[in-house]
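Comments concern the structure below.
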Amino acid sequence: LAKIYLENEDYTSVLSLYQNSNELTSTMLEQRADAENALGQFSNARASYMLALQSSTNQASRALINMKISDLEGEGLE
């Protein structure tokens, strides 16, 4: 469901979907971070990406999350 919300640029629905979830997978955390990033909540997005990175065991996913974190850092400088 979160993927559909992200594709439709309904970022607040993504956040509300995961709002009351205590145990999120790395994919869920990454999706939450993508929504936070799109809404301009860069510090929240960075925290969510870091949690996703810590809980991910897939090297390809970890590489993608690292790239997203790097992009966030670049936005903060502009």
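Please note that chains go A, B, ... in the order of the structure tokens, that every chain numbers its residues from 1, and that ligands are numbered from 1 in the order shown.
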Next item on the list: Give me the residues within 12 Å of Ser48 in chain A as a VMD selection string, counting only C-alpha atoms and dropping any in the same chain fewer than 2 places off.
Entry: chain A and resid 15 18 24 to 37 41 to 46 50 to 55 65 to 66 68 to 69 72
Generate the output file for the selected residues, N, CA and C atoms, as a compact mmCIF listing (two decimals), in the first residue's frame.
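File written: selection11.txt
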# COMPACT_ATOMS: atom_id res chain seq x y z
N LEU A 15 3.11 8.26 5.72
CA LEU A 15 3.48 8.51 7.12
C LEU A 15 2.40 8.03 8.07
N TYR A 18 2.42 4.20 8.63
CA TYR A 18 3.46 3.67 9.52
C TYR A 18 3.52 4.35 10.88
N LEU A 24 9.05 -1.90 12.33
CA LEU A 24 9.08 -1.68 10.89
C LEU A 24 10.28 -2.39 10.28
N THR A 25 10.08 -2.96 9.11
CA THR A 25 11.19 -3.59 8.39
C THR A 25 12.04 -2.50 7.75
N SER A 26 13.18 -2.88 7.23
CA SER A 26 14.04 -1.89 6.58
C SER A 26 13.33 -1.28 5.37
N THR A 27 12.55 -2.07 4.66
CA THR A 27 11.81 -1.55 3.50
C THR A 27 10.78 -0.52 3.95
N MET A 28 10.08 -0.81 5.03
CA MET A 28 9.08 0.13 5.55
C MET A 28 9.74 1.43 6.01
N LEU A 29 10.87 1.30 6.67
CA LEU A 29 11.59 2.49 7.13
C LEU A 29 12.08 3.32 5.95
N GLU A 30 12.53 2.64 4.90
CA GLU A 30 12.99 3.35 3.70
C GLU A 30 11.82 4.08 3.03
N GLN A 31 10.67 3.44 2.97
CA GLN A 31 9.50 4.09 2.38
C GLN A 31 9.07 5.29 3.21
N ARG A 32 9.11 5.14 4.52
CA ARG A 32 8.78 6.27 5.39
C ARG A 32 9.75 7.42 5.16
N ALA A 33 11.03 7.09 5.04
CA ALA A 33 12.04 8.11 4.79
C ALA A 33 11.84 8.79 3.44
N ASP A 34 11.47 8.02 2.42
CA ASP A 34 11.19 8.60 1.10
C ASP A 34 10.06 9.63 1.20
N ALA A 35 9.03 9.29 1.95
CA ALA A 35 7.90 10.22 2.14
C ALA A 35 8.34 11.46 2.92
N GLU A 36 9.10 11.26 3.98
CA GLU A 36 9.58 12.39 4.78
C GLU A 36 10.46 13.31 3.93
N ASN A 37 11.31 12.72 3.11
CA ASN A 37 12.17 13.49 2.23
C ASN A 37 11.33 14.32 1.26
N GLN A 41 10.96 16.99 5.22
CA GLN A 41 11.33 16.66 6.60
C GLN A 41 12.68 15.94 6.59
N PHE A 42 13.72 16.68 6.25
CA PHE A 42 15.02 16.07 5.96
C PHE A 42 15.66 15.40 7.17
N SER A 43 15.54 16.00 8.35
CA SER A 43 16.16 15.37 9.53
C SER A 43 15.42 14.08 9.90
N ASN A 44 14.11 14.07 9.77
CA ASN A 44 13.35 12.84 10.02
C ASN A 44 13.71 11.78 8.98
N ALA A 45 13.82 12.21 7.73
CA ALA A 45 14.18 11.27 6.66
C ALA A 45 15.54 10.66 6.91
N ARG A 46 16.50 11.48 7.33
CA ARG A 46 17.85 10.98 7.61
C ARG A 46 17.80 9.93 8.73
N MET A 50 18.71 5.98 8.30
CA MET A 50 19.75 5.36 9.14
C MET A 50 19.21 4.10 9.82
N LEU A 51 17.98 4.15 10.31
CA LEU A 51 17.36 2.96 10.91
C LEU A 51 17.19 1.86 9.87
N ALA A 52 16.79 2.24 8.67
CA ALA A 52 16.64 1.26 7.59
C ALA A 52 17.98 0.62 7.26
N LEU A 53 19.01 1.43 7.23
CA LEU A 53 20.35 0.94 6.95
C LEU A 53 20.81 -0.06 8.01
N GLN A 54 20.54 0.25 9.26
CA GLN A 54 20.94 -0.62 10.36
C GLN A 54 20.20 -1.96 10.33
N SER A 55 18.97 -1.96 9.88
CA SER A 55 18.19 -3.19 9.93
C SER A 55 18.25 -3.99 8.62
N ILE A 65 20.18 2.79 -0.02
CA ILE A 65 19.89 3.65 1.14
C ILE A 65 21.05 4.62 1.37
N ASN A 66 22.27 4.14 1.23
CA ASN A 66 23.44 5.03 1.37
C ASN A 66 23.40 6.15 0.34
N LYS A 68 20.72 7.43 -1.00
CA LYS A 68 19.65 8.35 -0.60
C LYS A 68 20.11 9.25 0.54
N ILE A 69 20.88 8.70 1.46
CA ILE A 69 21.42 9.51 2.56
C ILE A 69 22.37 10.57 2.02
N LEU A 72 20.46 13.37 0.58
CA LEU A 72 19.91 14.24 1.63
C LEU A 72 20.94 15.24 2.11
Next item on the list: as a VMD selection string, please: all residues of chain A that backbone DSSP puts in helix (DSSP H, G or I).
Entry: chain A and resid 2 to 7 11 to 18 26 to 38 42 to 55 59 to 77
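Residues with any atom within 10 Å of Glu9 in chain A, counting only C-alpha atoms and excluding same-chain neighbours fewer than 6 positions away, are Lys3, Ala35, Ala38 and Leu39 of chain A.
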Notebook entry, point to check: What does the distance from CA of Asp71 in chain A to CA of Tyr49 in chain A come to in Å, to one decimal?
Noted result: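 Between CA of Asp71 in chain A and CA of Tyr49 in chain A the gap is 11.4 Å.
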